[in-house]
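The structure file model.tsv is reproduced below (TSV, C-alpha atoms).
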chain	number	residue	atom	x	y	z
A	19	MET	CA	-2.26	-13.75	29.49
A	20	ASN	CA	-3.02	-10.25	28.18
A	21	ALA	CA	-3.67	-9.48	24.53
A	22	LEU	CA	-0.18	-8.22	23.68
A	23	ALA	CA	1.61	-11.13	25.36
A	24	ALA	CA	-0.65	-13.62	23.55
A	25	THR	CA	-0.14	-11.94	20.17
A	26	ASN	CA	3.64	-11.74	20.64
A	27	ARG	CA	3.77	-15.40	21.63
A	28	ASN	CA	1.86	-16.46	18.52
A	29	PHE	CA	4.09	-14.31	16.32
A	30	LYS	CA	7.29	-15.72	17.82
A	31	LEU	CA	6.02	-19.26	17.21
A	32	ALA	CA	5.23	-18.36	13.58
A	33	ALA	CA	8.66	-16.71	13.22
A	34	ARG	CA	10.38	-19.90	14.36
A	35	LEU	CA	8.33	-22.02	11.98
A	36	LEU	CA	9.21	-19.65	9.12
A	37	GLY	CA	12.87	-19.44	10.10
A	38	LEU	CA	12.86	-15.64	10.34
A	39	ASP	CA	16.12	-13.90	11.20
A	40	SER	CA	16.12	-12.77	14.86
A	41	LYS	CA	16.78	-9.15	13.88
A	42	LEU	CA	13.80	-9.15	11.51
A	43	GLU	CA	11.65	-10.80	14.16
A	44	LYS	CA	12.51	-8.10	16.70
A	45	SER	CA	11.90	-5.35	14.15
A	46	LEU	CA	8.47	-6.72	13.29
A	47	LEU	CA	7.45	-6.86	16.95
A	48	ILE	CA	8.21	-3.19	17.65
A	49	PRO	CA	5.48	-0.77	16.49
A	50	PHE	CA	6.34	2.12	14.17
A	51	ARG	CA	4.65	4.69	16.42
A	52	GLU	CA	2.52	4.78	19.60
A	53	ILE	CA	0.23	7.72	20.30
A	54	LYS	CA	-1.53	8.48	23.60
A	55	VAL	CA	-3.70	11.57	23.99
A	56	GLU	CA	-5.98	13.16	26.58
A	57	CYS	CA	-9.52	13.82	25.39
A	58	THR	CA	-11.44	16.19	27.67
A	59	ILE	CA	-15.00	17.15	26.72
A	60	PRO	CA	-17.91	19.03	28.28
A	61	LYS	CA	-20.75	16.66	29.08
A	62	ASP	CA	-24.39	17.49	28.50
A	63	ASP	CA	-24.84	18.39	32.18
A	64	GLY	CA	-22.03	20.96	32.01
A	65	SER	CA	-19.40	18.88	33.83
A	66	LEU	CA	-16.06	17.93	32.29
A	67	ALA	CA	-15.01	14.37	31.54
A	68	SER	CA	-11.56	13.16	30.50
A	69	PHE	CA	-10.77	10.04	28.51
A	70	VAL	CA	-7.54	8.56	27.18
A	71	GLY	CA	-7.25	7.86	23.46
A	72	PHE	CA	-4.69	5.69	21.69
A	73	ARG	CA	-3.46	5.10	18.15
A	74	VAL	CA	-0.76	2.53	17.52
A	75	GLN	CA	0.78	2.44	14.05
A	76	HIS	CA	2.49	-0.92	13.80
A	77	ASP	CA	3.98	-1.24	10.31
A	78	ASN	CA	3.84	0.53	6.93
A	79	ALA	CA	6.20	-1.67	4.87
A	80	ARG	CA	3.42	-2.85	2.56
A	81	GLY	CA	1.39	0.37	2.35
A	82	PRO	CA	-0.59	2.86	4.45
A	83	MET	CA	-1.39	1.63	7.92
A	84	LYS	CA	-4.97	0.50	8.42
A	85	GLY	CA	-7.09	-0.35	11.44
A	86	GLY	CA	-10.24	0.35	13.38
A	87	ILE	CA	-11.02	2.68	16.24
A	88	ARG	CA	-12.60	1.00	19.26
A	89	TYR	CA	-14.67	2.64	22.01
A	90	HIS	CA	-14.73	0.29	25.00
A	91	PRO	CA	-13.95	0.49	28.75
A	92	GLU	CA	-11.17	-2.11	28.41
A	93	VAL	CA	-9.19	-0.21	25.77
A	94	ASP	CA	-5.59	0.10	26.97
A	95	PRO	CA	-2.10	0.35	25.40
A	96	ASP	CA	-1.47	-3.41	25.39
A	97	GLU	CA	-4.77	-4.24	23.70
A	98	VAL	CA	-4.31	-1.56	21.05
A	99	ASN	CA	-0.73	-2.70	20.40
A	100	ALA	CA	-1.88	-6.28	19.96
A	101	LEU	CA	-4.71	-5.34	17.61
A	102	ALA	CA	-2.41	-3.12	15.52
A	103	GLN	CA	0.04	-6.00	15.14
A	104	LEU	CA	-2.79	-8.36	14.14
A	105	MET	CA	-3.85	-5.88	11.46
A	106	THR	CA	-0.38	-6.04	9.92
A	107	TRP	CA	-0.62	-9.81	9.61
A	108	LYS	CA	-4.28	-9.68	8.51
A	109	THR	CA	-3.70	-7.33	5.60
A	110	ALA	CA	-0.70	-9.41	4.53
A	111	VAL	CA	-2.73	-12.66	4.64
A	112	ALA	CA	-5.49	-10.99	2.62
A	113	ASN	CA	-2.80	-9.68	0.20
A	114	ILE	CA	-3.99	-6.08	0.55
A	115	PRO	CA	-1.35	-3.31	0.20
A	116	TYR	CA	-1.79	-2.02	3.74
A	117	GLY	CA	0.12	-2.09	6.98
A	118	GLY	CA	-1.40	-2.40	10.44
A	119	ALA	CA	-2.73	0.11	12.95
A	120	LYS	CA	-5.39	0.31	15.64
A	121	GLY	CA	-6.91	2.98	17.83
A	122	GLY	CA	-9.33	3.37	20.66
A	123	ILE	CA	-10.68	5.39	23.54
A	124	GLY	CA	-11.22	3.97	27.01
A	125	CYS	CA	-14.88	4.78	27.47
A	126	ASP	CA	-18.30	3.16	27.66
A	127	PRO	CA	-20.22	4.47	24.62
A	128	GLY	CA	-23.48	3.23	26.13
A	129	GLU	CA	-23.12	5.78	28.92
A	130	LEU	CA	-22.53	8.73	26.58
A	131	SER	CA	-25.14	10.65	24.62
A	132	ILE	CA	-24.87	11.11	20.86
A	133	SER	CA	-23.69	14.69	21.32
A	134	GLU	CA	-21.08	13.59	23.89
A	135	LEU	CA	-19.81	10.87	21.55
A	136	GLU	CA	-19.52	13.42	18.76
A	137	ARG	CA	-17.55	15.84	20.93
A	138	LEU	CA	-15.27	13.01	22.10
A	139	THR	CA	-14.65	11.84	18.52
A	140	ARG	CA	-13.88	15.35	17.29
A	141	VAL	CA	-11.45	16.04	20.15
A	142	PHE	CA	-9.70	12.73	19.50
A	143	THR	CA	-9.42	13.59	15.81
A	144	GLN	CA	-7.98	17.00	16.64
A	145	LYS	CA	-5.25	15.31	18.68
A	146	ILE	CA	-4.20	12.80	15.98
A	147	HIS	CA	-5.10	14.50	12.67
A	148	ASP	CA	-1.49	15.26	11.74
A	149	LEU	CA	-0.49	11.60	12.24
A	150	VAL	CA	-3.18	9.93	10.13
A	151	GLY	CA	-3.95	10.52	6.47
A	152	VAL	CA	-5.11	9.12	3.15
A	153	HIS	CA	-1.69	7.62	2.37
A	154	THR	CA	-0.41	7.36	5.95
A	155	ASP	CA	-2.94	5.73	8.29
A	156	VAL	CA	-6.60	5.10	7.49
A	157	PRO	CA	-8.98	4.47	10.44
A	158	ALA	CA	-12.17	2.41	10.25
A	159	PRO	CA	-15.01	1.37	12.59
A	160	ASP	CA	-14.53	-1.21	15.31
A	161	MET	CA	-16.29	-2.20	18.51
A	162	GLY	CA	-18.38	0.68	19.85
A	163	THR	CA	-18.01	2.79	16.69
A	164	GLY	CA	-19.68	2.82	13.28
A	165	PRO	CA	-20.42	4.87	10.15
A	166	GLN	CA	-21.51	7.91	12.17
A	167	THR	CA	-18.19	7.93	14.04
A	168	MET	CA	-16.32	7.82	10.74
A	169	ALA	CA	-18.42	10.71	9.43
A	170	TRP	CA	-17.40	12.82	12.43
A	171	ILE	CA	-13.73	11.93	11.94
A	172	LEU	CA	-13.91	12.77	8.23
A	173	ASP	CA	-15.56	16.12	8.91
A	174	GLU	CA	-13.10	17.10	11.66
A	175	TYR	CA	-10.07	15.93	9.68
A	176	SER	CA	-11.24	17.89	6.63
A	177	LYS	CA	-11.22	21.11	8.66
A	178	PHE	CA	-7.43	20.81	8.84
A	179	HIS	CA	-6.60	19.14	5.51
A	180	GLY	CA	-9.46	19.87	3.14
A	181	TYR	CA	-12.13	17.44	2.05
A	182	SER	CA	-10.50	13.98	2.28
A	183	PRO	CA	-13.10	11.19	2.01
A	184	ALA	CA	-10.44	8.47	1.74
A	185	VAL	CA	-9.03	9.25	5.20
A	186	VAL	CA	-11.50	6.80	6.78
A	187	THR	CA	-13.44	3.78	5.56
A	188	GLY	CA	-16.72	2.39	6.81
A	189	LYS	CA	-18.37	5.76	6.15
A	190	PRO	CA	-22.09	6.33	5.55
A	191	ILE	CA	-23.10	5.58	1.96
A	192	ASP	CA	-23.90	9.25	1.26
A	193	LEU	CA	-20.31	10.18	2.14
A	194	GLY	CA	-18.72	7.59	-0.13
A	195	GLY	CA	-19.09	4.44	1.92
A	196	SER	CA	-19.41	0.97	0.45
A	197	LEU	CA	-22.78	-0.75	0.15
A	198	GLY	CA	-21.16	-4.01	1.27
A	199	ARG	CA	-19.15	-2.73	4.23
A	200	ASP	CA	-21.76	-3.30	6.95
A	201	ALA	CA	-22.02	-7.02	6.23
A	202	ALA	CA	-18.44	-7.51	5.01
A	203	THR	CA	-16.82	-9.01	8.11
A	204	GLY	CA	-19.74	-11.35	8.74
A	205	ARG	CA	-19.80	-12.36	5.08
A	206	GLY	CA	-16.08	-13.05	5.23
A	207	VAL	CA	-16.72	-15.31	8.24
A	208	LEU	CA	-19.27	-17.22	6.13
A	209	TYR	CA	-16.87	-17.65	3.19
A	210	ALA	CA	-13.99	-18.67	5.45
A	211	THR	CA	-16.18	-21.21	7.25
A	212	GLU	CA	-17.39	-22.64	3.94
A	213	ALA	CA	-13.81	-23.05	2.71
A	214	LEU	CA	-12.70	-24.77	5.91
A	215	LEU	CA	-15.67	-27.15	5.99
A	216	ASN	CA	-15.20	-28.01	2.30
A	217	GLU	CA	-11.65	-29.14	3.10
A	218	HIS	CA	-13.16	-31.56	5.62
A	219	GLY	CA	-15.87	-32.83	3.28
A	220	LYS	CA	-18.62	-30.85	5.00
A	221	SER	CA	-20.86	-27.87	4.23
A	222	ILE	CA	-22.63	-25.13	6.20
A	223	SER	CA	-25.99	-26.84	5.79
A	224	GLY	CA	-26.91	-29.06	8.71
A	225	GLN	CA	-24.11	-27.90	11.01
A	226	ARG	CA	-24.96	-26.66	14.50
A	227	PHE	CA	-23.46	-23.27	15.38
A	228	VAL	CA	-22.96	-21.33	18.61
A	229	ILE	CA	-22.12	-17.63	18.30
A	230	GLN	CA	-20.74	-15.53	21.12
A	231	GLY	CA	-21.47	-11.90	20.28
A	232	PHE	CA	-24.41	-10.43	18.37
A	233	GLY	CA	-23.00	-7.10	17.30
A	234	ASN	CA	-22.26	-6.24	13.70
A	235	VAL	CA	-20.03	-9.25	13.01
A	236	GLY	CA	-21.96	-11.86	14.98
A	237	SER	CA	-25.39	-10.81	13.74
A	238	TRP	CA	-24.38	-10.76	10.07
A	239	ALA	CA	-22.53	-14.07	10.41
A	240	ALA	CA	-25.62	-15.60	12.04
A	241	ARG	CA	-27.92	-14.25	9.37
A	242	LEU	CA	-25.79	-15.46	6.47
A	243	ILE	CA	-25.05	-18.85	8.00
A	244	SER	CA	-28.75	-19.37	8.64
A	245	GLU	CA	-29.57	-18.42	5.03
A	246	ASN	CA	-27.12	-21.13	3.92
A	247	GLY	CA	-28.73	-23.87	5.97
A	248	GLY	CA	-26.72	-23.67	9.19
A	249	LYS	CA	-28.59	-24.11	12.46
A	250	ILE	CA	-27.79	-21.49	15.13
A	251	VAL	CA	-28.55	-23.18	18.44
A	252	ALA	CA	-27.20	-20.60	20.91
A	253	ILE	CA	-26.24	-16.91	20.86
A	254	SER	CA	-25.07	-14.41	23.46
A	255	ASP	CA	-24.33	-10.70	23.74
A	256	VAL	CA	-23.77	-8.22	26.56
A	257	THR	CA	-27.43	-8.49	27.65
A	258	GLY	CA	-27.56	-12.27	28.05
A	259	ALA	CA	-27.55	-15.62	26.28
A	260	ILE	CA	-30.26	-17.73	24.64
A	261	LYS	CA	-30.59	-21.28	23.35
A	262	ASN	CA	-32.92	-23.26	21.09
A	263	SER	CA	-31.74	-26.74	20.15
A	264	ASN	CA	-34.10	-26.72	17.15
A	265	GLY	CA	-32.48	-23.55	15.78
A	266	ILE	CA	-33.03	-19.85	16.45
A	267	ASP	CA	-35.04	-17.75	13.98
A	268	ILE	CA	-32.27	-15.25	13.21
A	269	LEU	CA	-34.36	-12.66	11.34
A	270	SER	CA	-36.80	-12.51	14.26
A	271	LEU	CA	-33.87	-12.23	16.68
A	272	VAL	CA	-32.32	-9.39	14.66
A	273	LYS	CA	-35.63	-7.50	14.86
A	274	HIS	CA	-35.89	-8.16	18.60
A	275	ALA	CA	-32.27	-7.12	19.25
A	276	ASN	CA	-32.77	-3.87	17.31
A	277	GLU	CA	-35.91	-3.06	19.29
A	278	HIS	CA	-34.61	-4.11	22.72
A	279	ARG	CA	-30.89	-3.44	22.27
A	280	GLY	CA	-29.92	-7.06	22.83
A	281	VAL	CA	-30.93	-10.70	22.71
A	282	LYS	CA	-32.28	-10.82	26.26
A	283	GLY	CA	-35.99	-11.55	26.41
A	284	PHE	CA	-36.26	-13.13	22.95
A	285	GLU	CA	-39.29	-15.40	23.06
A	286	GLY	CA	-38.03	-17.81	20.41
A	287	ALA	CA	-35.35	-19.30	22.68
A	288	ASN	CA	-34.67	-20.10	26.32
A	289	PRO	CA	-32.33	-17.99	28.48
A	290	ILE	CA	-29.08	-19.64	29.59
A	291	ASP	CA	-26.09	-18.60	31.66
A	292	PRO	CA	-23.89	-16.39	29.42
A	293	LYS	CA	-20.81	-18.05	30.96
A	294	SER	CA	-21.86	-21.36	29.40
A	295	ILE	CA	-22.11	-20.12	25.81
A	296	LEU	CA	-18.59	-21.21	24.82
A	297	VAL	CA	-19.07	-24.76	26.10
A	298	GLU	CA	-22.53	-25.42	24.63
A	299	ASP	CA	-22.81	-28.56	22.50
A	300	CYS	CA	-22.32	-27.67	18.83
A	301	ASP	CA	-20.32	-28.47	15.72
A	302	ILE	CA	-18.91	-24.99	15.15
A	303	LEU	CA	-18.18	-22.29	17.72
A	304	ILE	CA	-17.84	-18.67	16.54
A	305	PRO	CA	-16.45	-16.25	19.15
A	306	ALA	CA	-17.41	-12.84	17.73
A	307	ALA	CA	-16.96	-10.55	20.73
A	308	LEU	CA	-13.93	-9.75	22.88
A	309	GLY	CA	-10.46	-11.27	22.89
A	310	GLY	CA	-9.12	-13.85	25.31
A	311	VAL	CA	-12.48	-15.51	25.99
A	312	ILE	CA	-11.20	-19.02	25.25
A	313	ASN	CA	-8.51	-19.80	27.81
A	314	LYS	CA	-6.92	-22.66	29.71
A	315	GLU	CA	-9.76	-22.60	32.25
A	316	ASN	CA	-12.52	-23.43	29.73
A	317	ALA	CA	-10.68	-25.01	26.78
A	318	ASN	CA	-11.12	-28.59	28.01
A	319	GLU	CA	-14.89	-28.09	28.26
A	320	ILE	CA	-15.36	-26.87	24.70
A	321	LYS	CA	-17.37	-29.37	22.66
A	322	ALA	CA	-17.14	-27.78	19.21
A	323	LYS	CA	-15.16	-29.55	16.49
A	324	PHE	CA	-14.32	-26.26	14.72
A	325	ILE	CA	-13.68	-22.75	16.06
A	326	ILE	CA	-13.97	-19.78	13.71
A	327	GLU	CA	-12.25	-16.74	15.20
A	328	ALA	CA	-14.55	-13.91	14.15
A	329	ALA	CA	-13.28	-11.80	17.06
A	330	ASN	CA	-9.68	-10.61	17.34
A	331	HIS	CA	-7.41	-12.98	19.36
A	332	PRO	CA	-10.30	-14.78	21.13
A	333	THR	CA	-8.13	-17.83	21.89
A	334	ASP	CA	-5.23	-17.64	24.35
A	335	PRO	CA	-2.09	-19.58	23.35
A	336	GLU	CA	-2.48	-22.00	26.27
A	337	ALA	CA	-6.03	-22.77	25.15
A	338	ASP	CA	-4.83	-23.19	21.58
A	339	GLU	CA	-2.45	-25.93	22.68
A	340	ILE	CA	-5.15	-27.72	24.68
A	341	LEU	CA	-7.64	-27.56	21.81
A	342	SER	CA	-5.08	-28.76	19.27
A	343	LYS	CA	-4.41	-31.85	21.38
A	344	LYS	CA	-8.18	-32.48	21.44
A	345	GLY	CA	-8.27	-32.32	17.65
A	346	VAL	CA	-10.27	-29.09	17.48
A	347	VAL	CA	-9.63	-27.17	14.25
A	348	ILE	CA	-9.21	-23.40	14.77
A	349	LEU	CA	-9.50	-20.94	11.90
A	350	PRO	CA	-7.32	-17.93	12.89
A	351	ASP	CA	-8.76	-14.43	13.19
A	352	ILE	CA	-6.31	-12.89	10.71
A	353	TYR	CA	-8.01	-14.94	7.99
A	354	ALA	CA	-11.51	-15.54	9.35
A	355	ASN	CA	-12.44	-11.90	9.94
A	356	SER	CA	-10.53	-10.25	7.08
A	357	GLY	CA	-13.68	-9.54	5.03
A	358	GLY	CA	-14.09	-6.13	6.64
A	359	VAL	CA	-10.66	-4.79	5.74
A	360	THR	CA	-11.00	-6.23	2.23
A	361	VAL	CA	-14.14	-4.18	1.52
A	362	SER	CA	-12.57	-1.19	3.29
A	363	TYR	CA	-9.74	-1.42	0.77
A	364	PHE	CA	-12.26	-1.29	-2.10
A	365	GLU	CA	-13.83	1.82	-0.55
A	366	TRP	CA	-10.44	3.50	-0.10
A	367	VAL	CA	-9.38	2.81	-3.69
A	368	GLN	CA	-12.65	4.17	-5.07
A	369	GLN	CA	-12.28	7.40	-3.09
A	370	ASN	CA	-8.67	7.84	-4.18
A	371	CYS	CA	-9.65	7.36	-7.82
A	372	ARG	CA	-12.22	10.12	-7.51
A	373	THR	CA	-10.45	12.71	-5.43
A	374	SER	CA	-6.66	12.43	-5.71
A	375	LYS	CA	-3.99	12.58	-8.38
A	376	VAL	CA	-3.78	8.81	-8.17
A	377	SER	CA	-6.11	6.88	-10.46
A	378	CYS	CA	-6.76	3.28	-9.42
A	379	GLY	CA	-3.19	2.87	-8.16
A	380	ARG	CA	-1.49	4.53	-11.18
A	381	LYS	CA	-0.29	8.11	-11.44
A	382	LYS	CA	-2.05	10.18	-14.03
A	383	ARG	CA	0.06	11.46	-16.90

Just give me the structure as structure tokens.
Amino acid sequence: MNALAATNRNFKLAARLLGLDSKLEKSLLIPFREIKVECTIPKDDGSLASFVGFRVQHDNARGPMKGGIRYHPEVDPDEVNALAQLMTWKTAVANIPYGGAKGGIGCDPGELSISELERLTRVFTQKIHDLVGVHTDVPAPDMGTGPQTMAWILDEYSKFHGYSPAVVTGKPIDLGGSLGRDAATGRGVLYATEALLNEHGKSISGQRFVIQGFGNVGSWAARLISENGGKIVAISDVTGAIKNSNGIDILSLVKHANEHRGVKGFEGANPIDPKSILVEDCDILIPAALGGVINKENANEIKAKFIIEAANHPTDPEADEILSKKGVVILPDIYANSGGVTVSYFEWVQQNCRTSKVSCGRKKR
């Protein structure tokens, strides 16, 4: 089941449980606007390369639309639609006055140079600049992007609209970014996990964790969980997977991953088959990479008692039903990974207070 079908199925189930009117349900499923643009850039070798960029603006009933921009080969209209819809529900669950949006470019950022990534980002911004804005749609980093990407978007957008630091969040600190933004999503995963475990009479300390994904979210979640006494017994990323039943030294792994661009080759753990990471023996499983990784094919083999959805839609609906029957407790992504958008909101408010006619949400008199 693709991302959009899975997200729609979950929403329809929630709508039935809430008793939503069918007209309202249909309205909430249809996005406000879908944007698809061609992004052609000169590469460093002089050749031309074309990529397709997307921005889906799902809903603005509660405030400006908000959502990340993802650079990944699997970016397509269905995935972006699903992620934009999830952002609408996420900001509502977090009680932040935003709507939902999402964007992306179908590319492999690892195969592009820094200068090529900059040209691609600037061309994409040129194509969508009149459809995003401080009080319209505010992009942020996502998979394959980061503070530098946001700096390029801010600079390019400002060429058309004047200096507008609140048009993106997740910026570099020197450009008005938040000191807490880098760790925010991972820290939110920690807090959400603590709250769930407390409800079951447990704590982070002494629990065995498996984390799929060691990017920004997974690495910060691992670091913070380890600091609070959790034992990380297995971790994977795009380079491979590793396991140490006695617990992985996360700070050493972070250093290794920064130096070698991945967890592969880390001497403090044994290599394992990356396909086995989700079914390793543990108390708590944290999928923190791509969506749809937990499905009906592997759900019966999962040994974790709790699943914390740090990634967006990592669990297919069929797998959700199987796991529920097994008694596995799943903490949904729209709550578990909402720490990032929460701190992004703080950053956006601070920039608006400094640069616009709006002061901390109230018009100046």

Item to check | Separation of CA of Leu349 in chain A from CA of Tyr363 in chain A, in Å and rounded to one decimal | outcome: 22.5 Å

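Across the model, the gap from CA of Ile87 in chain A to CA of Gly121 in chain A is 4.4 Å.
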
Item to check | Closest of A:Lys323, A:Asn262, A:Pro60, A:Thr360 to Glu285 in chain A - atom-to-atom distances counting all atoms listed in the file | outcome: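 Checking each candidate against Glu285 in chain A, we get A:Asn262 as the closest.
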
Next on the checklist: Just want the 8 Å neighbourhood of Pro332 in chain A, counted on all atoms listed in the file, with same-chain residues fewer than 3 positions away dropped. Output as a PyMOL selection string.
Outcome noted: chain A and resi 305+307-312+327+329

Next on the checklist: As an exercise, work out the distance from CA of Val297 in chain A to CA of Glu319 in chain A in Å and give it to one decimal place.
Outcome noted: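 Calculated distance between CA of Val297 in chain A and CA of Glu319 in chain A is 5.8 Å.
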
Next on the checklist: Let me make sure I understand: among A:Asn20, A:Asn330, A:Asn234, A:Ser294, which one has the smallest atom-to-atom distance to Gln103 in chain A if we use all atoms listed in the file?
Outcome noted: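 Among A:Asn20, A:Asn330, A:Asn234, A:Ser294, it is A:Asn330 that comes nearest to Gln103 in chain A.
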
Checklist entry - Any idea what's packed within 7 Å of Tyr175 in chain A, counting all atoms listed in the file, ignoring anything in its chain fewer than 3 positions away? Could you give it as a list in words? => result Thr143, His147, Ile171, Leu172, Phe178 and His179 of chain A

Item to check | Residues near Ser254 in chain A, cut-off 6 Å, all atoms listed in the file, skip fewer than 4 positions along chain, as an NGL selection string | outcome: :A and (230-231 or 258-259)

Checklist entry - Near Val256 in chain A, within 9 Å and counting all atoms listed in the file, which residues show up once chain neighbours fewer than 6 positions away are dropped, as a VMD selection string? => result chain A and resid 231 to 232 280 to 282 292

Checklist entry - From the set A:Asp351, A:Asp267, A:Asp334, A:Asp62, which residue has the shortest atom-to-atom contact distance to Ala306 in chain A, counting only C-alpha atoms? => result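 For Ala306 in chain A, the nearest of the given residues is A:Asp351.
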
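Nearest residue to Val185 in chain A among A:Leu130, A:Val367, A:Ala24, A:Val272 is A:Val367, counting all atoms listed in the file.
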
Checklist entry - Using only C-alpha atoms, which residues sit within 10 Å of Ile243 in chain A once same-chain residues fewer than 3 positions away are excluded, as a VMD selection string? => result chain A and resid 204 to 205 207 to 209 211 to 212 222 to 223 225 227 237 to 240 246 to 250 268
